[in-house]
$ cat my_file12.txt   # compact mmCIF, C-alpha atoms
# COMPACT_ATOMS: atom_id res chain seq x y z
CA MET A 1 0.00 0.00 0.00
CA ASN A 2 1.50 3.35 -0.97
CA GLN A 3 1.99 6.07 1.62
CA ALA A 4 -0.36 8.46 -0.18
CA ARG A 5 -3.37 6.13 0.15
CA LEU A 6 -2.44 5.45 3.77
CA ARG A 7 -2.46 9.21 4.39
CA LEU A 8 -5.87 9.48 2.72
CA ALA A 9 -7.26 6.76 5.01
CA THR A 10 -5.69 8.37 8.08
CA VAL A 11 -7.14 11.81 7.39
CA THR A 12 -10.53 10.27 6.56
CA VAL A 13 -10.74 8.25 9.80
CA ALA A 14 -9.22 10.93 12.07
CA PRO A 15 -12.53 12.76 12.79
CA PHE A 16 -14.19 9.57 14.03
CA VAL A 17 -11.27 9.00 16.42
CA LEU A 18 -11.54 12.62 17.54
CA ALA A 19 -15.31 12.35 18.07
CA LEU A 20 -14.84 9.16 20.10
CA ALA A 21 -12.10 10.80 22.21
CA VAL A 22 -14.33 13.79 22.97
CA HIS A 23 -17.24 11.49 23.83
CA LEU A 24 -15.11 9.45 26.25
CA ALA A 25 -13.53 12.57 27.76
CA VAL A 26 -16.96 14.03 28.51
CA LEU A 27 -17.94 10.73 30.09
CA LEU A 28 -14.91 10.82 32.40
CA VAL A 29 -15.67 14.39 33.46
CA VAL A 30 -19.43 14.13 34.06
CA GLY A 31 -19.88 10.37 34.49
CA ASP A 32 -20.73 10.64 38.20
CA ARG A 33 -23.63 12.98 37.34
CA LEU A 34 -25.28 10.60 34.89
CA PRO A 35 -28.21 8.44 36.05
CA ASP A 36 -28.23 4.67 35.74
CA SER A 37 -30.72 4.91 32.84
CA LEU A 38 -30.41 7.42 30.00
CA ALA A 39 -33.03 8.86 27.70
CA THR A 40 -31.66 8.37 24.18
CA HIS A 41 -34.61 8.85 21.83
CA PHE A 42 -36.79 11.95 21.56
CA ASP A 43 -39.77 13.13 19.52
CA LEU A 44 -39.92 16.33 17.48
CA SER A 45 -41.02 18.30 20.53
CA GLY A 46 -37.86 17.25 22.35
CA ASP A 47 -39.54 14.92 24.87
CA ALA A 48 -38.19 11.43 25.56
CA ASP A 49 -40.56 9.03 23.81
CA ARG A 50 -39.09 5.57 24.42
CA ASP A 51 -37.93 3.45 27.32
CA PRO A 52 -34.53 4.57 28.67
CA MET A 53 -31.37 2.60 28.02
CA SER A 54 -28.99 1.49 30.72
CA ARG A 55 -26.00 3.79 31.00
CA THR A 56 -23.61 1.01 29.98
CA ALA A 57 -25.67 0.04 26.91
CA ALA A 58 -26.00 3.67 25.79
CA LEU A 59 -22.31 4.44 26.14
CA VAL A 60 -21.13 1.20 24.53
CA GLY A 61 -23.64 1.66 21.71
CA GLY A 62 -22.41 5.19 21.01
CA ALA A 63 -18.77 4.09 20.97
CA LEU A 64 -19.52 1.16 18.69
CA LEU A 65 -21.44 3.45 16.33
CA LEU A 66 -18.44 5.78 15.92
CA VAL A 67 -15.99 2.89 15.61
CA GLY A 68 -18.17 0.98 13.14
CA VAL A 69 -18.87 3.93 10.83
CA GLY A 70 -15.22 5.00 11.01
CA ALA A 71 -14.15 1.47 10.04
CA LEU A 72 -16.44 1.54 7.00
CA TRP A 73 -14.90 4.84 5.90
CA ALA A 74 -11.39 3.37 6.39
CA VAL A 75 -12.23 0.33 4.25
CA SER A 76 -13.62 2.61 1.57
CA ALA A 77 -10.49 4.79 1.58
CA LEU A 78 -8.13 1.83 1.37
CA GLY A 79 -10.14 -0.58 -0.70
CA SER A 80 -10.41 0.83 -4.21
CA PRO A 81 -9.19 3.59 -6.51
CA LEU A 82 -10.55 7.09 -6.09
CA SER A 83 -10.62 10.06 -8.39
CA PRO A 84 -9.55 13.38 -6.81
CA ARG A 85 -13.22 14.40 -6.71
CA GLY A 86 -14.18 11.09 -5.11
CA ALA A 87 -11.49 11.51 -2.44
CA ARG A 88 -12.75 14.98 -1.59
CA ARG A 89 -16.32 13.72 -1.26
CA LEU A 90 -15.17 10.80 0.89
CA MET A 91 -13.26 13.06 3.26
CA ALA A 92 -15.96 15.72 3.44
CA GLY A 93 -18.61 13.07 4.07
CA GLY A 94 -16.55 11.39 6.79
CA TRP A 95 -15.77 14.61 8.60
CA GLY A 96 -19.35 15.84 8.31
CA LEU A 97 -20.90 12.58 9.55
CA SER A 98 -18.46 12.28 12.45
CA GLY A 99 -19.22 15.86 13.45
CA PHE A 100 -22.95 15.23 13.45
CA LEU A 101 -22.73 11.94 15.36
CA GLY A 102 -20.15 13.23 17.83
CA TYR A 103 -22.18 16.30 18.71
CA ALA A 104 -25.50 14.42 18.95
CA LEU A 105 -24.08 11.69 21.20
CA THR A 106 -22.29 14.15 23.48
CA ALA A 107 -25.26 16.52 23.67
CA THR A 108 -27.41 13.57 24.71
CA LEU A 109 -25.09 12.95 27.65
CA PHE A 110 -25.41 16.58 28.75
CA ALA A 111 -29.20 16.39 28.42
CA ASN A 112 -29.22 13.55 30.95
CA LEU A 113 -27.04 15.27 33.56
CA ASP A 114 -28.46 15.07 37.10
CA ALA A 115 -31.74 13.63 35.78
CA THR A 116 -33.83 11.79 38.35
CA ASP A 117 -36.60 10.89 35.90
CA SER A 118 -35.53 9.88 32.38
CA SER A 119 -39.01 10.63 31.02
CA ALA A 120 -38.50 14.30 31.96
CA VAL A 121 -35.26 14.65 29.96
CA ARG A 122 -35.55 17.00 26.97
CA PHE A 123 -33.52 17.26 23.78
CA PRO A 124 -34.82 20.39 21.97
CA LEU A 125 -35.05 20.37 18.19
CA TRP A 126 -32.55 23.22 17.96
CA GLN A 127 -29.91 20.76 19.12
CA LEU A 128 -30.27 18.95 15.78
CA ALA A 129 -29.81 22.26 13.99
CA VAL A 130 -26.58 22.80 15.92
CA ALA A 131 -25.50 19.24 15.06
CA ALA A 132 -26.14 19.96 11.39
CA ALA A 133 -24.11 23.18 11.62
CA VAL A 134 -21.25 21.28 13.24
CA ALA A 135 -21.47 18.70 10.43
CA VAL A 136 -21.23 21.42 7.75
CA ALA A 137 -18.25 23.03 9.48
CA ALA A 138 -16.51 19.67 9.91
CA ALA A 139 -17.14 18.81 6.24
CA GLY A 140 -15.47 22.09 5.31
CA VAL A 141 -12.44 21.11 7.38
CA GLY A 142 -12.35 17.77 5.55
CA LEU A 143 -12.37 19.55 2.18
CA LEU A 144 -9.50 21.80 3.26
CA LEU A 145 -7.45 18.84 4.49
CA SER A 146 -8.02 16.99 1.20
CA ARG A 147 -5.51 19.41 -0.34
CA PHE A 148 -2.78 17.77 1.70
CA VAL A 149 -3.45 14.31 0.24
CA PRO A 150 -0.98 13.69 -2.64
CA ASP A 151 -2.36 13.03 -6.10
CA SER A 152 -0.60 9.66 -6.06
CA ALA A 153 -3.36 8.44 -3.73
CA HIS A 154 -5.72 8.59 -6.72
CA GLU A 155 -5.55 5.80 -9.25
CA PRO A 156 -7.01 5.75 -12.75
CA ALA A 157 -10.52 4.34 -12.79
CA GLY A 158 -10.26 2.67 -16.19
CA ASP A 159 -13.06 2.95 -18.70
CA ASP A 160 -13.27 1.33 -22.11
CA SER A 161 -16.63 1.46 -23.86
CA THR A 162 -15.21 0.35 -27.22
CA ALA A 163 -14.38 -3.26 -26.29
CA ARG A 164 -16.21 -5.94 -28.23
CA ILE A 165 -16.32 -9.75 -28.41
CA ASP A 166 -16.26 -11.21 -31.90
CA LEU A 167 -19.37 -13.23 -32.62
CA LYS A 168 -20.31 -14.72 -35.95
CA ASP A 169 -23.71 -14.02 -37.43
CA GLY A 170 -26.28 -16.16 -35.68
CA GLU A 171 -23.84 -17.10 -32.91
CA MET A 172 -25.11 -16.52 -29.37
CA ALA A 173 -23.20 -16.10 -26.13
CA GLY A 174 -23.97 -15.43 -22.51
CA TRP A 175 -22.12 -14.45 -19.36
CA SER A 176 -23.11 -14.89 -15.74
CA ARG A 177 -21.40 -14.46 -12.41
CA ARG A 178 -22.43 -14.19 -8.78
CA THR A 179 -21.23 -11.19 -6.82
CA GLY A 180 -21.31 -10.58 -3.10
CA SER A 181 -20.24 -8.30 -0.30
CA GLY A 182 -18.15 -9.50 2.61
CA SER A 183 -18.78 -6.16 4.35
CA LEU A 184 -22.56 -6.44 4.00
CA LEU A 185 -22.36 -10.03 5.23
CA ALA A 186 -20.40 -8.84 8.28
CA VAL A 187 -22.89 -6.02 8.86
CA GLY A 188 -25.75 -8.51 8.67
CA LEU A 189 -24.14 -10.86 11.17
CA GLY A 190 -23.22 -7.96 13.44
CA THR A 191 -26.77 -6.62 13.31
CA LEU A 192 -28.15 -10.04 14.24
CA VAL A 193 -25.90 -10.05 17.30
CA ALA A 194 -26.91 -6.45 18.04
CA GLY A 195 -30.56 -7.48 17.86
CA VAL A 196 -30.00 -10.08 20.56
CA PHE A 197 -28.07 -7.52 22.64
CA VAL A 198 -30.83 -4.93 22.30
CA ALA A 199 -33.52 -7.46 23.23
CA VAL A 200 -31.63 -8.57 26.35
CA ALA A 201 -30.04 -5.30 27.53
CA VAL A 202 -32.48 -2.65 26.30
CA SER A 203 -35.98 -3.85 25.42
CA TRP A 204 -37.48 -6.97 23.92
CA ARG A 205 -39.74 -4.75 21.81
CA TYR A 206 -36.82 -3.31 19.79
CA GLY A 207 -34.65 -6.42 19.56
CA PRO A 208 -36.75 -8.22 16.88
CA PHE A 209 -36.78 -5.08 14.73
CA VAL A 210 -32.98 -4.90 14.72
CA PHE A 211 -32.81 -8.67 14.16
CA VAL A 212 -35.00 -8.41 11.02
CA ILE A 213 -32.73 -5.70 9.63
CA GLY A 214 -29.81 -8.09 10.03
CA LEU A 215 -31.69 -10.84 8.21
CA LEU A 216 -32.48 -8.48 5.33
CA ALA A 217 -28.82 -7.48 5.08
CA LEU A 218 -27.82 -11.15 4.87
CA CYS A 219 -30.47 -11.91 2.25
CA PHE A 220 -29.28 -9.08 -0.01
CA ALA A 221 -25.55 -9.59 0.45
CA SER A 222 -25.23 -11.26 -2.97
CA ALA A 223 -26.64 -11.10 -6.50
CA ARG A 224 -26.51 -12.94 -9.83
CA VAL A 225 -25.38 -10.72 -12.74
CA SER A 226 -26.05 -11.94 -16.30
CA VAL A 227 -25.49 -10.68 -19.84
CA ASP A 228 -27.36 -12.39 -22.67
CA ARG A 229 -29.87 -11.74 -25.45
CA HIS A 230 -32.15 -10.06 -22.90
CA GLY A 231 -29.54 -7.47 -21.93
CA LEU A 232 -28.02 -6.92 -18.48
CA THR A 233 -29.93 -8.62 -15.66
CA VAL A 234 -29.29 -8.38 -11.94
CA ASP A 235 -31.13 -10.88 -9.72
CA MET A 236 -30.72 -9.62 -6.18
CA GLY A 237 -30.59 -11.65 -3.00
CA ALA A 238 -30.78 -15.32 -2.19
CA LEU A 239 -34.25 -15.56 -3.79
CA SER A 240 -33.17 -13.80 -7.04
CA TRP A 241 -35.66 -11.06 -6.30
CA PRO A 242 -36.10 -8.20 -6.90
CA ARG A 243 -34.77 -8.13 -10.45
CA VAL A 244 -33.30 -5.20 -12.38
CA ARG A 245 -32.86 -5.43 -16.16
CA VAL A 246 -31.44 -3.12 -18.80
CA PRO A 247 -32.75 -4.43 -22.17
CA LEU A 248 -30.45 -4.39 -25.19
CA ASP A 249 -32.64 -1.73 -26.82
CA HIS A 250 -31.79 0.62 -23.93
CA VAL A 251 -28.01 0.05 -24.01
CA ASP A 252 -25.88 2.77 -25.58
CA THR A 253 -22.44 1.60 -24.38
CA ALA A 254 -21.08 -0.57 -21.59
CA SER A 255 -17.72 -0.30 -19.88
CA SER A 256 -15.70 -1.75 -17.03
CA ARG A 257 -14.92 0.82 -14.35
CA ARG A 258 -13.53 0.80 -10.85
CA ILE A 259 -15.87 2.55 -8.42
CA ASN A 260 -15.79 3.44 -4.76
CA ALA A 261 -19.00 2.59 -2.91
CA VAL A 262 -18.99 5.55 -0.52
CA ALA A 263 -17.38 8.24 -2.67
CA ASP A 264 -19.25 7.43 -5.90
CA PHE A 265 -22.61 6.17 -4.62
CA GLY A 266 -22.78 7.19 -0.97
CA GLY A 267 -22.86 3.63 0.40
CA TRP A 268 -23.87 0.07 -0.36
CA GLY A 269 -26.99 -1.58 -1.71
CA TYR A 270 -29.32 -0.27 -4.40
CA ARG A 271 -28.26 3.36 -4.83
CA VAL A 272 -29.92 6.24 -6.65
CA ARG A 273 -27.99 9.33 -7.68
CA HIS A 274 -28.57 12.10 -10.21
CA ARG A 275 -28.93 10.40 -13.62
CA ARG A 276 -27.38 7.19 -12.38
CA THR A 277 -28.33 4.18 -10.30
CA GLY A 278 -26.39 1.17 -9.15
CA PHE A 279 -26.43 -2.07 -7.21
CA VAL A 280 -23.24 -1.65 -5.20
CA LEU A 281 -22.17 -4.49 -2.93
CA ARG A 282 -18.54 -3.42 -2.57
CA SER A 283 -15.91 -1.11 -3.93
CA GLY A 284 -13.96 -2.32 -6.95
CA GLU A 285 -14.60 -3.15 -10.57
CA ALA A 286 -18.08 -2.80 -11.97
CA ILE A 287 -19.94 -3.01 -15.25
CA VAL A 288 -21.36 0.44 -16.05
CA VAL A 289 -24.08 0.73 -18.69
CA ARG A 290 -24.82 4.04 -20.31
CA ARG A 291 -28.46 3.96 -21.39
CA THR A 292 -29.78 5.51 -24.57
CA ASP A 293 -31.39 8.28 -22.47
CA GLY A 294 -27.99 9.23 -21.03
CA ARG A 295 -28.48 7.73 -17.56
CA GLU A 296 -26.08 5.15 -16.13
CA PHE A 297 -26.58 1.89 -14.28
CA ALA A 298 -23.69 0.18 -12.47
CA VAL A 299 -23.28 -3.13 -10.69
CA THR A 300 -20.10 -4.26 -8.96
CA VAL A 301 -18.95 -7.65 -10.19
CA ASP A 302 -15.70 -9.44 -11.08
CA ASP A 303 -14.75 -9.96 -14.74
CA SER A 304 -16.79 -6.88 -15.62
CA ALA A 305 -14.62 -6.19 -18.70
CA THR A 306 -15.81 -9.42 -20.33
CA ALA A 307 -19.43 -8.67 -19.44
CA ALA A 308 -19.19 -5.13 -20.84
CA ALA A 309 -17.57 -6.28 -24.07
CA LEU A 310 -20.25 -8.92 -24.64
CA LEU A 311 -23.03 -6.45 -23.84
CA ASN A 312 -21.59 -3.97 -26.36
CA THR A 313 -21.52 -6.69 -29.02
CA LEU A 314 -25.10 -7.83 -28.38
CA ALA A 315 -26.44 -4.27 -28.23
CA GLU A 316 -24.70 -3.36 -31.49
CA ARG A 317 -26.12 -6.47 -33.17
CA ARG A 318 -29.63 -5.53 -31.95
CA ARG A 319 -29.28 -2.03 -33.44
CA ARG A 320 -28.41 -3.52 -36.84
CA ILE A 321 -31.60 -5.54 -36.99
$ encode --input "my_file12.txt" --output "structure tokens"
Amino acid sequence: MNQARLRLATVTVAPFVLALAVHLAVLLVVGDRLPDSLATHFDLSGDADRDPMSRTAALVGGALLLVGVGALWAVSALGSPLSPRGARRLMAGGWGLSGFLGYALTATLFANLDATDSSAVRFPLWQLAVAAAVAVAAAGVGLLLSRFVPDSAHEPAGDDSTARIDLKDGEMAGWSRRTGSGSLLAVGLGTLVAGVFVAVAVSWRYGPFVFVIGLLALCFASARVSVDRHGLTVDMGALSWPRVRVPLDHVDTASSRRINAVADFGGWGYRVRHRRTGFVLRSGEAIVVRRTDGREFAVTVDDSATAAALLNTLAERRRRI
């Protein structure tokens, strides 16, 4: 791993470490003034609207949230090539999110100081406005720091929409490969464990909800990607449903491109951005289809260059008919 990419990852993760340090420092200073149970969820009027969490569960949950999100940003920074613009978005997003989470978690601690009745604890709506302002300011700091990341941290993405596979007239071909996400699988397993933890330590009413989220993550941690006479087809999940298809009539060009899940699409799963959508299970190579209406659809999968070349050939043959 080159030093430039290591510096990018370090600067990207630094705000999460800083937010965690501030959170723990506040805990050390005011910990003796916190009640055994903390109000952690509030309605729009600022009143606590759910059962309180034990102090240990609330503090461990907050720390794990910062560590977990920071780890995802680190994996994204180290895992795949980034354009300069993608690196700036990654850093700004990481700094902004850490600022929002850090302020919200710490402000919640202060809201619970000296409370004798958790149901009487208030978290006014203006606190969220302050958290948003902190996030914007922190994102600005991330953008400024991105100037200190050397250009050698950015690698070419690679894009060839001219590749073709030679097929004789009347000859048919198909391509299919299963793709998956180790990160989403880990998130699913971790969420299942968290569901059990929430049910035991917090409330049995919320545990099943978290558990179901974990099951959904596991079910959609893989997909079958196919290219054939029907076009590009993505069968999501273990049940091959839902299905997304780009017919040959809608294909302008296809290319193989390396993408970064967070910087390019804002995360994992089925993503929607301006004039582009994607089924992104990980960072790395992907087949990217430019539709005839100018929009793009991307799906991360190995051997995407072969898939793109075949799709170009089949789409060109369809246009000649």
$ residues_around --input "my_file12.txt" --residues "range 137-146 of chain A" --least-positions-apart "4" --cutoff "10 Å" --atoms "only C-alpha atoms" --output "JSON, numbers by chain"
{"A": [8, 11, 12, 14, 15, 84, 85, 87, 88, 89, 90, 91, 92, 93, 94, 95, 96, 97, 98, 99, 100, 131, 132, 133, 150]}
$ atom_distance --input "my_file12.txt" --atom1 "CA of Thr10 in chain A" --atom2 "CA of Val299 in chain A"
28.2 Å
$ closest_residue --input "my_file12.txt" --among "A:Val301, A:Leu38, A:Asp32, A:Tyr103" --to "Leu20 in chain A" --atoms "only C-alpha atoms"
A:Tyr103
$ atom_distance --input "my_file12.txt" --atom1 "CA of Trp175 in chain A" --atom2 "CA of Thr162 in chain A"
18.1 Å
$ axis_aligned_box --input "my_file12.txt" --around "range 178-195 of chain A" --padding-each-side "4 Å" --output "lines of an AutoDock Vina configuration file"
center_x = -24.4
center_y = -10.1
center_z = 4.6
size_x = 20.4
size_y = 16.2
size_z = 34.8
$ closest_residue --input "my_file12.txt" --among "A:Ser256, A:Thr191, A:Thr306, A:Thr179" --to "Arg282 in chain A" --atoms "all atoms listed in the file"
A:Thr179
$ atom_distance --input "my_file12.txt" --atom1 "CA of Asp114 in chain A" --atom2 "CA of Val134 in chain A"
25.7 Å
$ closest_residue --input "my_file12.txt" --among "A:Ala19, A:Ala58, A:Leu24, A:Val30" --to "Gly70 in chain A" --atoms "all atoms listed in the file"
A:Ala19
$ residues_around --input "my_file12.txt" --residues "Pro52 in chain A" --least-positions-apart "4" --cutoff "7 Å" --atoms "only C-alpha atoms" --output "list in words"
Ser37, Leu38, Ala39, Thr40 and Ser118 of chain A
$ closest_atom_pairs --input "my_file12.txt" --of "range 10-96 of chain A" --to "range 121-126 of chain A" --cutoff "7 Å" --atoms "all atoms listed in the file" --output "tab-separated table"
residue	atom	partner	partner_atom	distance
A:Ala39	CA	A:Val121	CA	6.6
A:Phe42	CA	A:Phe123	CA	6.6
A:Leu44	CA	A:Leu125	CA	6.4
A:Ser45	CA	A:Pro124	CA	6.7
A:Gly46	CA	A:Pro124	CA	4.4
A:Asp47	CA	A:Arg122	CA	5.0
A:Ala48	CA	A:Val121	CA	6.2
$ closest_residue --input "my_file12.txt" --among "A:Ile321, A:Ala115, A:Leu59, A:Leu184" --to "Arg33 in chain A" --atoms "only C-alpha atoms"
A:Ala115
$ closest_residue --input "my_file12.txt" --among "A:Arg245, A:Ala163, A:Asp117, A:His23" --to "Leu105 in chain A" --atoms "only C-alpha atoms"
A:His23
$ residues_near_point --input "my_file12.txt" --point "(-23.6, 2.3, 0.4)" --cutoff "6 Å" --atoms "only C-alpha atoms" --output "PyMOL selection string"
chain A and resi 261-262+266-269
$ closest_residue --input "my_file12.txt" --among "A:Leu248, A:Gly31, A:Gly170, A:Gln127" --to "Glu316 in chain A" --atoms "all atoms listed in the file"
A:Leu248
